[in-house]
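Peer 1: Let me begin by handing over the structure; questions about it come next.
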Amino acid sequence: MTASTVVNVTREGDIAWVEINNPPVNATSTAVRAGLAQAVTQVQGARVAILTCAGRTFVAGGDMSEFDRPAEEPHLPDVVQMLEDSETPFIAAMHDTVLGGGLEIAMGCAWRIAVEGTKFGLPEVNAGLIPGAGGTQRAPRLLGMSAAIDLACSGKIIPATQMLQLGGIDQIASGDLTEAARAFATTLPQRPIKIRDRTVAALDAEAYAAAETALKKRSKGQQSPLLNLEALQWAALPFAEGQPKERARHLELRKSTESQALRYAFFAERAVSKPKAIDGIAPRGLNHVAIVGGGLMGAGIAMACLTGGLTVTVIERNAEEAASAQARVAGLIEGGVKRGKISPAKQAEMIQRLITTDTYADAAQVDLALEAVFEDLDVKRTVFQQLAAVVSKDAILATNTSYLDPTLIFDGIPNLSRCVGLHFFSPAHVMKLLEIVKTPDTAPDVLATGFALGKRLRKVSVLSGICDGFIGNRMLAAYRREAEYLLADGALPHEVDAAARGAGLPMGPFELQDLTGLQIAWANRKRQAATRDPNERYERIADTLCEMDRLGQRAGKGWYTYAEGNRTPQRDPEVDKLILQYSADRGITRRAYSTQEIADRLIAVLANEGARIVAEGIAERAEDVDMVKLHGYGFPRWRGGPMHLAGQLGQEKINGIMKLVSDESPNSWVIAEPAA
Ligand code: NAD
């Protein structure tokens with residue numbers, strides 16, 4: 001057998017050291033599995049073997065790039081069993097993260113020790129899978145059923161302290177891991193019974209049903225949490241029966257549409273932050289940013305920037321508004337303290353980095369100034385003129401506009417190459433998405449700095465060109481349009497919302513409008529009225545609601561009604577009546593739409609609009625569109641995004657639905673050209 005390059009075995013007296021060295025995260029690739037299998041034979045004769053990992057972490061999972069191919073030998077379950085059966089017992093000496101295959105390997109070892117701060121998990125569920133090397137079979141035997149459910153079904157990551165309490169590890173090493181492992185090996189406790197030979201009871205029917213109900217509620221259509229629960233029950237069988245069932249299910253799930261979508265999302269998230277437009281371009285340094293307008297968005301953006309370690313100057317219209325902005329940001333920080341996310345010391349330090357003012361000259365030193373003032377072209381243009389007069393000639397200028405054309409906003413500003421759109425989503429300190437909008441003049445290093453800022457603020461940044469609503473709100477407009485056509489043609493708001501939820505969205509289009517308020521979209525429709533194609537179908541049901549002051553939850557009524565202090569939408573007969581009357585007045589013969597039909601149409605219009613956005617070069621690729629939907633609009637991750645989903649359903653099916661949609665509303669839809 002040739003020596004493995006990724007697993008090294010050395011001897012130190014009667015101790016054998018086995019080190020995995022497969023950067024960056026020591027994933028259980030074929031080479032690692034083969035190396036470990038070989039190491040087990042090499043350590044025989046030693047009194048004890050210590051398994052460690054080089055680099056920043058213990059084994060942090062499988063190699064997902066291998067999951068699209070048939071599994072290659074040696075298989076991880078066999079390697080884990082070799083570790084467990086080895087005459088020379090193994091100690092797993094762990095640091096940083098022990099995830100998935102890493103935890104499965106650790107559970108094959110006789111003892112487990114970890115340095116302080118090490119974290120453990122079985123996150124296969126997040127990739128639409130169940131563990132494939134005994135994770136669901138050994139974890140309940142080692143940790144008990146309840147902890148195993150947390151790990152395998154919820155993908156929860158637990159700290160070493162909790163793992164020790166659960167009996168999953170034997171020791172937390174407070175100092176050097178190598179020293180601690182050597183000391184542990186010197187006074188070795190009696191070898192414990194193999195984990196696979198221990199027993200655990202399955203959940204009884206009542207406990208199983210309760211766990212299943214709780215998971216269903218959270219997973220919104222995703223199957224893998226439930227499949228993990230089912231597999232955990234097999235731990236009550238003899239290991240020789242349960243383990244092959246787990247393995248077979250794991251391999252089957254690698255091919256499932258859910259797992260493919262989740263793996264796609266994982267890789268797409270990484271891809272979108274590196275667009276071709278900034279390939280090889282170094283970002284500028286950022287320390288101090290100004291935010292003009294400390295309202296809802298400005299305060300959230302300030303919070304995100306403070307969390308990212310930046311110094312933030314918020315500029316408001318006057319001293320009174322500046323004080324309100326200060327209170328808003330301080331309130332967000334306080335919220336973090338209350339939730340235990342921010343320590344009181346950190347709070348004080350963040351407040352020190354926050355300056356609020358009504359004087360533009362206070363922003364003279366900033367590296368970047370972003371506006372989040374009212375959505376009004378003249379107001380925004382004045383803001384940039386005032387900014388340009390005080391900041392350095394190459395300080396980056398950014399707009400958070402939702403719909404306005406950035407080239408009009410920046411028109412007349414000296415040095416247009418420093419101007420860019422940075423479109424955050426509400427609440428800006430929570431929502432992951434950042435659309436980075438490139439104007440025809442934006443310099444590549446300014447774009448690269450936008451992406452560096454996004455990374456610093458832990459956002460998923462997506463590059464967008466200029467169009468009405470950029471990527472996300474343009475998609476939303478198409479989706480809402482179809483939802484409203486459906487109302488006029490035969491569906492009711494609760495039916496459309498139920499269909500959207502059935503497709504995995506957290507909320508339907510009408511519930512969502514009620515939550516965010518109907519007035520923003522109303523103002524937008526009025527703005528677009530002048531340029532809208534007069535032949536395009538325009539349904540004014542939403543306008544009628546706005547005219548009736550049914551502006552959403554805050555008004556107590558919108559598409560639904562809301563009882564005092566209760567956010568649950570209640571179907572309103574008045575709205576149903578209004579819609580029926582609306583159709584009758586226009587001579588529309590209403591017809592029934594099935595839940596599936598509604599869901600199919602909503603997905604099809606999203607996929608169609610996404611394809612147009614890519615074809616027009618507004619987005620570089622389909623992944624950009626999908627990540628916008630996942631991180632800005634709650635599209636279910638387990639479906640990958642509308643573009644990925646359309647690919648799975650087949651373009652023919654989408655085209656077929658689009659034809660129906662378009663036949664019902666002539667002149668209202670542009671069907672995307674098939675991709676070249
Ligand atoms: P908001 O009304 O809550 O806040 C606007 C703030 O700007 C107010 O505090 C106001 O005092 C201040 N302001 C107005 N003119 C100013 C000036 N000349 N100088 C300094 N401050 C001034 O509005 P918002 O919801 O935070 O939206 C702000 C911008 O962000 C808009 O362009 C909006 O389209 C965009 N946006 C909003 C959302 C959202 O969900 N609300 C999402 C993304 C982007």
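Residues in the structure tokens are numbered from 1 in each chain, the chains being A, B, ... in the order shown, and ligands are numbered from 1 in the order shown.
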Report as a ChimeraX atom specification which protein, DNA and RNA residues come within 9 Å of ligand 1, using only C-alpha atoms and all ligand atoms.
Peer 2: /A:291-300,314-318,321-322,324-325,358,360,371-376,379-380,382-383,399-404,423-428,516,520
Peer 1: Dump C-alpha atoms for the selected residues as a PDB file, in the first residue's frame?
Peer 2:
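This went into part-v4.pdb:
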ATOM      1  CA  ILE A 291     -25.357  57.176   6.205  1.00  0.00           C
ATOM      2  CA  VAL A 292     -27.678  59.998   5.216  1.00  0.00           C
ATOM      3  CA  GLY A 293     -31.154  59.363   6.594  1.00  0.00           C
ATOM      4  CA  GLY A 294     -31.473  57.430   9.828  1.00  0.00           C
ATOM      5  CA  GLY A 295     -35.036  56.189   9.313  1.00  0.00           C
ATOM      6  CA  LEU A 296     -36.102  52.569   9.089  1.00  0.00           C
ATOM      7  CA  MET A 297     -33.447  51.574   6.540  1.00  0.00           C
ATOM      8  CA  GLY A 298     -30.701  53.967   7.607  1.00  0.00           C
ATOM      9  CA  ALA A 299     -30.871  52.803  11.230  1.00  0.00           C
ATOM     10  CA  GLY A 300     -30.722  49.144  10.201  1.00  0.00           C
ATOM     11  CA  VAL A 314     -25.554  59.258  10.484  1.00  0.00           C
ATOM     12  CA  ILE A 315     -26.654  62.550   8.932  1.00  0.00           C
ATOM     13  CA  GLU A 316     -30.262  63.677   9.375  1.00  0.00           C
ATOM     14  CA  ARG A 317     -32.352  66.625   8.262  1.00  0.00           C
ATOM     15  CA  ASN A 318     -32.222  68.475  11.571  1.00  0.00           C
ATOM     16  CA  GLU A 321     -34.371  63.895  13.490  1.00  0.00           C
ATOM     17  CA  ALA A 322     -30.712  63.233  14.336  1.00  0.00           C
ATOM     18  CA  SER A 324     -34.471  60.190  16.751  1.00  0.00           C
ATOM     19  CA  ALA A 325     -31.987  58.382  14.502  1.00  0.00           C
ATOM     20  CA  ASP A 358     -27.389  67.261  11.036  1.00  0.00           C
ATOM     21  CA  TYR A 360     -22.834  67.269   6.262  1.00  0.00           C
ATOM     22  CA  GLU A 371     -28.067  57.671   1.325  1.00  0.00           C
ATOM     23  CA  ALA A 372     -31.245  56.135   2.714  1.00  0.00           C
ATOM     24  CA  VAL A 373     -33.498  59.214   2.569  1.00  0.00           C
ATOM     25  CA  PHE A 374     -37.035  59.394   1.167  1.00  0.00           C
ATOM     26  CA  GLU A 375     -37.623  57.655  -2.165  1.00  0.00           C
ATOM     27  CA  ASP A 376     -37.733  60.927  -4.077  1.00  0.00           C
ATOM     28  CA  VAL A 379     -34.353  64.791  -2.399  1.00  0.00           C
ATOM     29  CA  LYS A 380     -31.724  62.182  -3.262  1.00  0.00           C
ATOM     30  CA  THR A 382     -29.752  67.257  -3.355  1.00  0.00           C
ATOM     31  CA  VAL A 383     -28.260  64.883  -0.799  1.00  0.00           C
ATOM     32  CA  THR A 399     -27.679  54.973  -2.995  1.00  0.00           C
ATOM     33  CA  ASN A 400     -30.087  52.604  -1.278  1.00  0.00           C
ATOM     34  CA  THR A 401     -32.915  53.442  -3.682  1.00  0.00           C
ATOM     35  CA  SER A 402     -35.458  50.665  -4.260  1.00  0.00           C
ATOM     36  CA  TYR A 403     -36.694  51.718  -7.691  1.00  0.00           C
ATOM     37  CA  LEU A 404     -35.201  55.016  -8.895  1.00  0.00           C
ATOM     38  CA  HIS A 423     -29.628  48.134  -2.027  1.00  0.00           C
ATOM     39  CA  PHE A 424     -30.281  46.689   1.426  1.00  0.00           C
ATOM     40  CA  PHE A 425     -33.441  44.855   2.458  1.00  0.00           C
ATOM     41  CA  SER A 426     -35.590  45.543   5.477  1.00  0.00           C
ATOM     42  CA  PRO A 427     -34.719  45.048   8.315  1.00  0.00           C
ATOM     43  CA  ALA A 428     -31.238  45.852   7.025  1.00  0.00           C
ATOM     44  CA  THR A 516     -45.187  45.619   4.784  1.00  0.00           C
ATOM     45  CA  ILE A 520     -45.131  51.696  -1.100  1.00  0.00           C
TER      46      ILE A 520
END
Peer 1: Identify, on the basis of only C-alpha atoms, every residue whose closest approach to Asp170 of chain A does not exceed 7 Å; exclude the query and any residue fewer than 3 positions from it along the same chain; express the result as a PyMOL selection string.
Peer 2: chain A and resi 111-113+164+167
Peer 1: I'd like the contact shell of Gln42 of chain A - 10 Å cut-off, only C-alpha atoms, skipping same-chain residues fewer than 6 positions apart - returned as an mmCIF file with C-alpha atoms, in the first residue's frame.
Peer 2:
data_model
loop_
_atom_site.group_PDB
_atom_site.id
_atom_site.type_symbol
_atom_site.label_atom_id
_atom_site.label_comp_id
_atom_site.auth_asym_id
_atom_site.auth_seq_id
_atom_site.Cartn_x
_atom_site.Cartn_y
_atom_site.Cartn_z
ATOM 1 C CA VAL A 9 0.899 8.223 10.791
ATOM 2 C CA THR A 10 3.818 8.679 13.180
ATOM 3 C CA ARG A 11 4.937 6.821 16.298
ATOM 4 C CA ALA A 16 0.553 6.283 17.308
ATOM 5 C CA VAL A 18 -2.727 9.865 13.016
ATOM 6 C CA LEU A 36 -7.736 6.580 7.381
#
Peer 1: Using only C-alpha atoms, determine which residues lie at most 8 Å from Gln81 of chain A, disregarding the query and same-chain residues fewer than 4 positions distant; provide the list as a compact mmCIF listing (two decimals) with N, CA, C and O atoms, in the first residue's frame.
Peer 2:
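out30.txt written:
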# COMPACT_ATOMS: atom_id res chain seq x y z
N PRO A 77 -18.84 4.61 6.19
CA PRO A 77 -19.31 3.73 7.27
C PRO A 77 -18.33 2.59 7.55
O PRO A 77 -18.15 2.19 8.72
N ASP A 85 -13.49 -0.95 15.48
CA ASP A 85 -13.05 -2.34 15.71
C ASP A 85 -11.54 -2.46 15.93
O ASP A 85 -11.05 -3.55 16.23
N GLY A 108 -16.62 6.76 16.03
CA GLY A 108 -15.97 5.47 15.84
C GLY A 108 -14.79 5.29 16.77
O GLY A 108 -14.29 4.18 16.97
Peer 1: Env of Ala211 of chain A: 10 Å cut, atoms = only C-alpha atoms, seq-sep filter 3 positions within chain, self excluded. Answer as an NGL selection string.
Peer 2: :A and (146 or 149 or 153 or 203 or 205-208 or 214-216 or 226 or 229)
Peer 1: I'd like the neighbourhood of Ala592 of chain A as a ChimeraX atom specification, where a residue qualifies if any of its atoms comes within 10 Å (using only C-alpha atoms), though same-chain residues fewer than 4 positions away should be ignored.
Peer 2: /A:486,489-492,597
Peer 1: Sort by chain and increasing residue number a table of all residues of segment 490-598 of chain A within 8 Å of segment 655-675 of chain A, each with its closest pair of atoms and their distance in Å to one decimal, counting only C-alpha atoms, and write it as CSV.
Peer 2:
residue,atom,partner,partner_atom,distance
A:Asn535,CA,A:Asn667,CA,6.1
A:Glu536,CA,A:Ser668,CA,4.6
A:Arg537,CA,A:Ser668,CA,5.7
Peer 1: Any idea what the distance is between atom CA of Pro344 of chain A and atom CA of His95 of chain A?
Peer 2: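 Separating atom CA of Pro344 of chain A from atom CA of His95 of chain A is a distance of 28.8 Å.
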Peer 1: DSSP on the backbone: which residues in segment 367-465 of chain A end up as alpha helix (DSSP H)? Give the answer as number ranges by chain.
Peer 2: A: 377-390, 406-410, 444-456
Peer 1: Using only C-alpha atoms for the distances, tell me which of A:Arg621, A:Arg601, A:His429, A:Arg270 is nearest to Val496 of chain A.
Peer 2: A:Arg601
Peer 1: So that I can see what lies close to Ala248 of chain A, please list as a PDB file with N, CA and C atoms, in the first residue's frame the residues with an atom at most 9 Å from it, counting only C-alpha atoms and leaving out residues fewer than 5 positions away in the same chain.
Peer 2:
ATOM      1  N   GLY A 132     -24.618   9.526   6.524  1.00  0.00           N
ATOM      2  CA  GLY A 132     -24.461   8.275   5.782  1.00  0.00           C
ATOM      3  C   GLY A 132     -23.482   7.303   6.390  1.00  0.00           C
ATOM      4  N   GLN A 243     -28.011   0.433  10.459  1.00  0.00           N
ATOM      5  CA  GLN A 243     -26.981   1.171   9.721  1.00  0.00           C
ATOM      6  C   GLN A 243     -27.115   1.019   8.198  1.00  0.00           C
ATOM      7  N   LEU A 253     -30.914   9.785  -1.140  1.00  0.00           N
ATOM      8  CA  LEU A 253     -31.204  11.219  -1.004  1.00  0.00           C
ATOM      9  C   LEU A 253     -30.214  12.103  -1.745  1.00  0.00           C
TER      10      LEU A 253
END
Peer 1: Measuring atom to atom with only C-alpha atoms, identify which of A:Val460, A:Ala530, A:Ile436, A:Ile471 is nearest to Ala268 of chain A.
Peer 2: A:Val460
Peer 1: Hey, which of A:Asp468, A:Glu246, A:Glu66, A:Glu241 ends up closest to Pro131 of chain A? Count only C-alpha atoms.
Peer 2: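 With only C-alpha atoms as the atom set, the closest residue is A:Glu246.
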Peer 1: With only C-alpha atoms as the basis for distance, which of A:Ala31, A:Leu645, A:Val614, A:Leu397 is at the shortest distance from Ala503 of chain A?
Peer 2: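 Closest candidate: A:Leu645.
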Peer 1: Of the candidates A:Ala201, A:Ala261, A:Ile396, A:Leu370, which shows the shortest atom-to-atom distance to Ala646 of chain A, using only C-alpha atoms?
Peer 2: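 The shortest atom-to-atom distance to Ala646 of chain A comes from A:Ala261.
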Peer 1: Quick one, how far is atom CA of Met163 of chain A from atom CA of Gly35 of chain A?
Peer 2: 27.6 Å
Peer 1: Atom CA of Lys194 of chain A and atom CA of Ala60 of chain A, how far apart in Å?
Peer 2: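 Computing it gives 23.0 Å between the two atoms.
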Peer 1: Given the choices A:Asp514, A:Pro534, A:Gln38, A:Ser583, which gets closest to Asp549 of chain A if the distance is worked out from only C-alpha atoms?
Peer 2: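 Among the listed residues, the smallest separation from Asp549 of chain A belongs to A:Asp514.
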